$ cat structure_27.cif   # mmCIF, C-alpha atoms
data_run
#
loop_
_atom_site.label_atom_id
_atom_site.label_comp_id
_atom_site.auth_asym_id
_atom_site.auth_seq_id
_atom_site.Cartn_x
_atom_site.Cartn_y
_atom_site.Cartn_z
CA GLU M 1 0.00 0.00 0.00
CA TYR M 2 2.71 2.48 1.02
CA GLU M 3 5.00 1.34 -1.80
CA GLU M 4 2.27 2.15 -4.31
CA ALA M 5 1.66 5.53 -2.66
CA GLU M 6 5.40 6.25 -2.71
CA ALA M 7 5.60 5.61 -6.46
CA LEU M 8 2.58 7.83 -7.12
CA PHE M 9 3.88 10.66 -4.93
CA ILE M 10 7.35 10.53 -6.53
CA GLU M 11 5.80 10.65 -9.99
CA ALA M 12 3.54 13.57 -9.02
CA LEU M 13 6.50 15.45 -7.51
CA ALA M 14 8.58 14.98 -10.67
CA MET M 15 5.74 16.37 -12.79
CA LYS M 16 5.32 19.37 -10.49
CA ARG M 17 9.04 20.12 -10.64
CA LYS M 18 8.88 20.21 -14.45
CA LEU M 19 5.90 22.57 -14.40
CA LEU M 20 6.74 24.81 -11.44
CA GLY M 21 10.48 24.58 -10.90
CA ASP M 22 12.25 23.48 -7.74
CA GLU M 23 10.94 26.14 -5.33
CA HIS M 24 7.17 26.50 -5.12
CA PRO M 25 4.55 25.85 -2.38
CA GLU M 26 3.14 22.96 -4.42
CA ILE M 27 6.61 21.41 -4.61
CA ALA M 28 6.80 21.62 -0.81
CA VAL M 29 3.52 19.70 -0.53
CA GLY M 30 4.88 17.05 -2.89
CA ILE M 31 8.14 16.69 -0.97
CA ASN M 32 6.21 16.34 2.29
CA ASN M 33 4.08 13.55 0.82
CA VAL M 34 7.13 11.61 -0.35
CA ALA M 35 8.95 12.16 2.95
CA TYR M 36 5.94 10.88 4.90
CA VAL M 37 5.60 7.60 3.00
CA LEU M 38 9.36 7.02 3.21
CA HIS M 39 9.20 7.69 6.95
CA VAL M 40 6.34 5.29 7.71
CA GLN M 41 8.09 2.56 5.71
CA GLY M 42 11.20 2.97 7.86
CA ASN M 43 13.35 4.41 5.07
CA TYR M 44 14.71 6.98 7.48
CA ALA M 45 17.78 8.15 5.56
CA ALA M 46 15.79 9.00 2.43
CA ALA M 47 12.98 10.57 4.47
CA GLU M 48 15.44 12.68 6.45
CA SER M 49 16.95 14.03 3.23
CA MET M 50 13.50 14.97 1.93
CA TYR M 51 12.51 16.65 5.20
CA ALA M 52 15.75 18.66 5.16
CA GLU M 53 15.04 19.84 1.60
CA LEU M 54 11.46 20.68 2.59
CA ILE M 55 12.47 22.72 5.65
CA ALA M 56 15.08 24.69 3.70
CA MET M 57 12.53 25.46 0.97
CA GLN M 58 9.80 26.47 3.42
CA LYS M 59 12.17 28.79 5.28
CA LYS M 60 13.08 30.47 1.98
CA LEU M 61 9.46 30.76 0.79
CA LEU M 62 7.69 31.45 4.09
CA GLY M 63 10.30 32.71 6.54
CA ASP M 64 11.93 31.00 9.51
CA ASP M 65 9.00 31.49 11.90
CA HIS M 66 6.09 30.13 9.86
CA PRO M 67 3.81 27.42 11.35
CA ASP M 68 4.45 25.20 8.30
CA VAL M 69 8.18 25.30 9.07
CA ALA M 70 7.40 24.29 12.65
CA GLY M 71 5.26 21.42 11.37
CA SER M 72 7.99 20.08 9.11
CA ILE M 73 10.62 20.33 11.85
CA ASN M 74 8.22 18.46 14.12
CA ASN M 75 7.86 15.71 11.50
CA LEU M 76 11.64 15.43 11.36
CA ALA M 77 11.66 15.21 15.17
CA TYR M 78 9.26 12.26 14.98
CA LEU M 79 11.58 10.58 12.49
CA TYR M 80 14.49 10.83 14.93
CA HIS M 81 12.24 9.59 17.73
CA ASP M 82 11.14 6.62 15.65
CA LYS M 83 14.73 5.60 14.92
CA GLY M 84 15.68 5.90 18.59
CA GLU M 85 17.70 9.13 18.53
CA GLN M 86 15.90 10.66 21.48
CA SER M 87 18.10 13.67 22.26
CA GLN M 88 17.97 14.88 18.65
CA ALA M 89 14.20 14.33 18.59
CA ILE M 90 13.75 16.43 21.73
CA GLU M 91 16.01 19.18 20.36
CA LEU M 92 14.03 19.41 17.11
CA ALA M 93 10.64 19.20 18.84
CA THR M 94 11.73 22.03 21.14
CA GLU M 95 12.77 24.10 18.11
CA SER M 96 9.34 23.45 16.57
CA LEU M 97 7.67 24.49 19.83
CA GLU M 98 9.58 27.78 19.97
CA ILE M 99 8.65 28.61 16.35
CA LYS M 100 4.99 27.94 17.17
CA ARG M 101 5.23 30.28 20.17
CA ARG M 102 6.62 33.05 17.99
CA ALA M 103 4.18 32.44 15.12
CA LEU M 104 0.99 31.70 17.06
CA GLY M 105 1.52 33.21 20.50
CA ASP M 106 2.06 31.53 23.85
CA GLU M 107 -1.55 30.36 24.17
CA HIS M 108 -2.60 28.21 21.22
CA PRO M 109 -3.71 24.55 20.91
CA ALA M 110 -0.72 23.80 18.66
CA VAL M 111 1.64 25.15 21.33
CA ALA M 112 -0.04 23.00 23.98
CA HIS M 113 0.27 19.94 21.74
CA SER M 114 3.97 20.59 21.19
CA LEU M 115 4.51 21.04 24.93
CA ASN M 116 3.00 17.60 25.47
CA THR M 117 5.18 16.04 22.78
CA VAL M 118 8.43 17.46 24.17
CA ALA M 119 7.43 16.56 27.73
CA MET M 120 6.42 13.01 26.77
CA TRP M 121 9.80 12.39 25.12
CA MET M 122 11.59 13.89 28.12
CA MET M 123 9.69 11.42 30.30
CA GLU M 124 10.75 8.56 28.03
CA SER M 125 14.34 9.73 28.61
CA GLY M 126 13.76 9.81 32.38
CA ASP M 127 13.86 13.60 32.70
CA TYR M 128 10.67 14.01 34.73
CA THR M 129 11.87 17.21 36.41
CA ALA M 130 12.06 19.03 33.07
CA ALA M 131 8.81 17.50 31.82
CA GLU M 132 6.59 18.47 34.75
CA PRO M 133 6.47 22.28 34.26
CA MET M 134 5.82 21.83 30.54
CA LEU M 135 2.91 19.51 31.29
CA ARG M 136 1.48 21.93 33.85
CA GLU M 137 1.69 24.75 31.30
CA SER M 138 0.01 22.61 28.65
CA LEU M 139 -2.78 21.55 31.01
CA ALA M 140 -3.54 25.12 32.12
CA MET M 141 -3.48 26.29 28.50
CA ASN M 142 -5.79 23.55 27.27
CA ILE M 143 -8.31 24.15 30.07
CA LYS M 144 -8.36 27.87 29.21
CA LEU M 145 -8.63 27.35 25.45
CA LEU M 146 -10.78 24.23 25.22
CA GLY M 147 -12.70 23.87 28.46
CA SER M 148 -12.21 21.29 31.20
CA GLU M 149 -14.03 18.43 29.43
CA HIS M 150 -12.08 18.28 26.17
CA PRO M 151 -10.08 15.12 25.29
CA ASP M 152 -6.91 17.20 24.85
CA VAL M 153 -7.30 18.33 28.47
CA ALA M 154 -7.59 14.70 29.52
CA SER M 155 -4.43 13.93 27.54
CA SER M 156 -2.51 16.63 29.41
CA MET M 157 -3.90 15.38 32.73
CA THR M 158 -2.89 11.80 31.98
CA LEU M 159 0.65 12.73 30.98
CA LEU M 160 1.06 14.92 34.06
CA ALA M 161 -0.32 12.13 36.26
CA SER M 162 2.26 9.71 34.84
CA CYS M 163 5.01 12.24 35.44
CA LEU M 164 3.86 12.73 39.04
CA VAL M 165 3.77 8.97 39.65
CA ALA M 166 7.43 8.83 38.62
CA GLY M 167 8.10 11.63 41.10
CA THR M 168 6.16 9.78 43.84
CA HIS M 169 3.47 12.47 44.05
CA TYR M 170 0.79 9.82 44.13
CA GLU M 171 -2.17 11.72 45.59
CA GLU M 172 -2.14 14.46 42.94
CA ALA M 173 -1.48 11.87 40.24
CA LEU M 174 -4.50 9.84 41.37
CA GLU M 175 -6.75 12.90 41.30
CA LEU M 176 -5.61 13.97 37.82
CA ALA M 177 -5.84 10.48 36.32
CA GLY M 178 -9.33 10.01 37.76
CA LYS M 179 -10.48 13.29 36.22
CA ALA M 180 -8.92 12.34 32.89
CA ARG M 181 -10.68 8.97 32.90
CA LYS M 182 -14.05 10.67 33.45
CA VAL M 183 -13.42 13.15 30.62
CA TYR M 184 -12.37 10.39 28.22
CA THR M 185 -15.34 8.21 29.19
CA LYS M 186 -17.74 11.06 28.45
CA ALA M 187 -16.02 12.32 25.29
CA LEU M 188 -14.97 8.97 23.78
CA SER M 189 -16.21 5.85 25.61
CA GLU M 190 -15.43 3.72 28.64
CA ASP M 191 -13.71 1.13 26.44
CA HIS M 192 -11.61 3.54 24.34
CA TRP M 193 -7.87 2.98 24.53
CA ARG M 194 -7.27 6.56 25.68
CA THR M 195 -9.62 5.95 28.61
CA ALA M 196 -7.50 2.88 29.37
CA VAL M 197 -4.33 5.02 29.38
CA ALA M 198 -5.89 7.21 32.09
CA GLU M 199 -7.01 4.11 34.02
CA SER M 200 -3.47 2.77 33.84
CA ALA M 201 -2.09 6.01 35.30
CA GLU M 202 -4.73 5.84 38.03
CA GLY M 203 -3.70 2.26 38.80
CA ALA M 204 -0.03 3.27 38.96
CA ALA M 205 -0.86 5.99 41.49
CA LEU M 206 -2.81 3.49 43.59
CA THR M 207 0.19 1.13 43.48
CA GLY M 208 2.33 3.94 44.84
CA LEU M 209 -0.22 4.46 47.62
CA ARG M 210 -0.06 0.69 48.30
CA GLN M 211 -3.74 0.23 47.55
CA PHE M 212 -2.92 -2.92 45.65
CA SER M 213 -6.35 -4.50 45.15
CA GLU M 214 -7.83 -1.31 43.69
CA ALA M 215 -4.71 -0.82 41.56
CA GLU M 216 -4.91 -4.38 40.23
CA SER M 217 -8.51 -3.95 39.09
CA LEU M 218 -7.67 -0.84 37.04
CA LEU M 219 -4.34 -2.07 35.72
CA VAL M 220 -5.64 -5.46 34.55
CA LYS M 221 -8.65 -3.87 32.86
CA SER M 222 -6.64 -1.14 31.13
CA HIS M 223 -3.93 -3.57 30.04
CA GLY M 224 -6.55 -5.76 28.41
CA VAL M 225 -7.97 -2.84 26.43
CA LEU M 226 -4.58 -1.51 25.37
CA SER M 227 -3.19 -4.91 24.41
CA ASN M 228 -6.14 -5.70 22.17
CA ASP M 229 -6.55 -2.36 20.40
CA ALA M 230 -4.32 -2.03 17.35
CA SER M 231 -4.74 1.76 17.37
CA ALA M 232 -3.24 2.12 20.87
CA MET M 233 0.25 3.62 20.86
CA ALA M 234 2.92 1.00 21.58
CA MET M 235 4.52 3.08 24.33
CA PHE M 236 1.29 3.03 26.33
CA VAL M 237 0.95 -0.75 25.96
CA THR M 238 4.51 -1.20 27.22
CA GLU M 239 3.91 1.24 30.07
CA SER M 240 0.77 -0.65 31.08
CA THR M 241 2.66 -3.96 31.14
CA ARG M 242 5.48 -2.45 33.19
CA ARG M 243 2.99 -1.07 35.71
CA LEU M 244 1.49 -4.52 36.26
CA ALA M 245 4.97 -5.94 36.87
CA THR M 246 5.65 -3.15 39.38
CA LEU M 247 2.32 -3.75 41.11
CA TYR M 248 3.00 -7.43 41.70
CA GLU M 249 6.61 -6.81 42.73
CA ASP M 250 5.52 -4.24 45.32
CA TRP M 251 2.66 -6.49 46.43
CA GLY M 252 5.02 -9.40 47.07
CA LYS M 253 3.75 -11.58 44.22
CA PRO M 254 6.93 -12.38 42.28
CA GLU M 255 5.45 -15.11 40.06
CA GLN M 256 2.77 -12.78 38.70
CA ALA M 257 5.36 -10.01 38.31
CA ALA M 258 7.58 -12.39 36.35
CA ALA M 259 4.82 -13.10 33.83
CA TYR M 260 4.65 -9.42 32.87
CA LEU M 261 8.42 -8.99 32.96
CA ASP M 262 8.59 -11.85 30.44
CA ILE M 263 6.24 -9.92 28.15
CA LEU M 264 8.50 -6.88 28.40
CA SER M 265 11.61 -8.91 27.58
CA ASP M 266 9.98 -10.63 24.60
CA PRO M 267 11.16 -8.76 21.46
#

$ encode --input "structure_27.cif" --output "structure tokens"
Amino acid sequence: EYEEAEALFIEALAMKRKLLGDEHPEIAVGINNVAYVLHVQGNYAAAESMYAELIAMQKKLLGDDHPDVAGSINNLAYLYHDKGEQSQAIELATESLEIKRRALGDEHPAVAHSLNTVAMWMMESGDYTAAEPMLRESLAMNIKLLGSEHPDVASSMTLLASCLVAGTHYEEALELAGKARKVYTKALSEDHWRTAVAESAEGAALTGLRQFSEAESLLVKSHGVLSNDASAMAMFVTESTRRLATLYEDWGKPEQAAAYLDILSDP
């Protein structure tokens, strides 16, 4: 499917270059399309080259601080993240965030989304101290811009709750995750994978508070939803599995912990 799309996009880009030259907004769209299909197929070197060409062209045509430039830099950041180069991904995502601030102002949904992205990758790298203020800013911004019952607000709450669990601030984490679960249930459904992500964070907070039975109920349920939904992000499935292992380790049930540790070690 992607190979066919790649061939079509490359052909369309070649035709546009003949008609419009090498520097034109329509050429930028074509380059982005090719870069995307290369990226999702794991052809990172070719995709990176296309993204670099795209960013240089957009800066020349639109200026350094245009939202489209920020978007392309963010796509390049995701490429680095996907190939495991976390520090470079965070650096580029931060650059994209700063361009969005200059182009759109400090209070804009796109800025909040970028704050979440940078913070989430910082958390993956273990830098919870740097992530927390970014998540608090994103949450406050989303509540102001979107209202307290928007799914994007729940997303910010869930990420902040996970960050607070890592910092052993379990009570606040439990409160935030519970609120997020209610928002997701109302906006999406009780069985949606995003609701399960919030439930998992809630269960992790309960584990920290040593309320093991309540934690088990939420963690087992959320793990089942996340493991069986192909649209759920892999990082959340892994996180859910790790939280069950932690629960049973802390609860003094090593055999059950080992079962989930085996899942984590299985490539």

$ residues_around --input "structure_27.cif" --residues "Gln86 (chain M)" --least-positions-apart "3" --cutoff "9 Å" --atoms "only C-alpha atoms" --output "list in words"
Ala77, Tyr80, His81, Asp82, Lys83, Ala89, Ile90, Glu91, Trp121, Met122, Glu124 and Ser125 of chain M

$ closest_residue --input "structure_27.cif" --among "M:Ser156, M:Asn32, M:Thr94, M:Thr241" --to "Ala52 (chain M)" --atoms "all atoms listed in the file"
M:Asn32

$ residues_around --input "structure_27.cif" --residues "region 103-119 of chain M" --least-positions-apart "6" --cutoff "8 Å" --atoms "all atoms listed in the file" --output "PyMOL selection string"
chain M and resi 65-67+90+93-94+96-97+130-132+134-135+137-139+141-142+145+156+159

$ atom_distance --input "structure_27.cif" --atom1 "CA of Val225 (chain M)" --atom2 "CA of Lys186 (chain M)"
17.1 Å

$ resolve_selection --input "structure_27.cif" --expression "the PyMOL selection byres ((chain M and resi 200-214) around 7)" --output "list in words"
Thr158, Ala161, Ser162, Val165, Tyr170, Ala173, Leu174, Ala177, Gly178, Ala196, Val197, Ala198, Glu199, Ala215, Glu216, Ser217, Leu218, Leu219, Ser222, Ser240, Arg243, Leu247 and Trp251 of chain M

$ atom_distance --input "structure_27.cif" --atom1 "CA of Ser189 (chain M)" --atom2 "CA of Ile143 (chain M)"
20.4 Å

$ atom_distance --input "structure_27.cif" --atom1 "CA of Gly126 (chain M)" --atom2 "CA of Ser87 (chain M)"
11.7 Å

$ closest_residue --input "structure_27.cif" --among "M:Ile31, M:Ala230, M:Ala14, M:Leu164" --to "Trp193 (chain M)" --atoms "only C-alpha atoms"
M:Ala230

$ residues_around --input "structure_27.cif" --residues "Tyr184 (chain M)" --least-positions-apart "5" --cutoff "9 Å" --atoms "only C-alpha atoms" --output "MDAnalysis selection string"
chainID M and resid 149:151 154:155 179 189:190 192 194:195 198

$ resolve_selection --input "structure_27.cif" --expression "the PyMOL selection byres ((chain M and resi 12) around 12)" --output "list in words"
Ala5, Glu6, Ala7, Leu8, Phe9, Ile10, Glu11, Leu13, Ala14, Met15, Lys16, Arg17, Lys18, Leu19, Leu20, Glu26, Ile27, Ala28, Val29, Gly30, Ile31, Asn32, Asn33 and Val34 of chain M

$ resolve_selection --input "structure_27.cif" --expression "the PyMOL selection byres ((chain M and resi 46) around 12)" --output "ChimeraX atom specification"
/M:6,31,34-45,47-53,76,79

$ closest_residue --input "structure_27.cif" --among "M:Arg102, M:Arg136, M:Lys144, M:His169" --to "Met157 (chain M)" --atoms "only C-alpha atoms"
M:Arg136

$ residues_around --input "structure_27.cif" --residues "Tyr128 (chain M)" --least-positions-apart "5" --cutoff "8 Å" --atoms "only C-alpha atoms" --output "number ranges by chain"
M: 122-123, 163, 166-167

$ residues_around --input "structure_27.cif" --residues "Val237 (chain M)" --least-positions-apart "3" --cutoff "9 Å" --atoms "all atoms listed in the file" --output "VMD selection string"
chain M and resid 197 223 226 to 227 232 to 234 240 to 242

$ axis_aligned_box --input "structure_27.cif" --around "region 105-110 of chain M" --padding-each-side "4 Å" --output "lines of an AutoDock Vina configuration file"
center_x = -0.8
center_y = 28.5
center_z = 21.4
size_x = 13.8
size_y = 17.4
size_z = 13.5

$ residues_near_point --input "structure_27.cif" --point "(8.6, 32.7, -2.1)" --cutoff "9 Å" --atoms "all atoms listed in the file" --output "ChimeraX atom specification"
/M:23-25,57-58,60-63
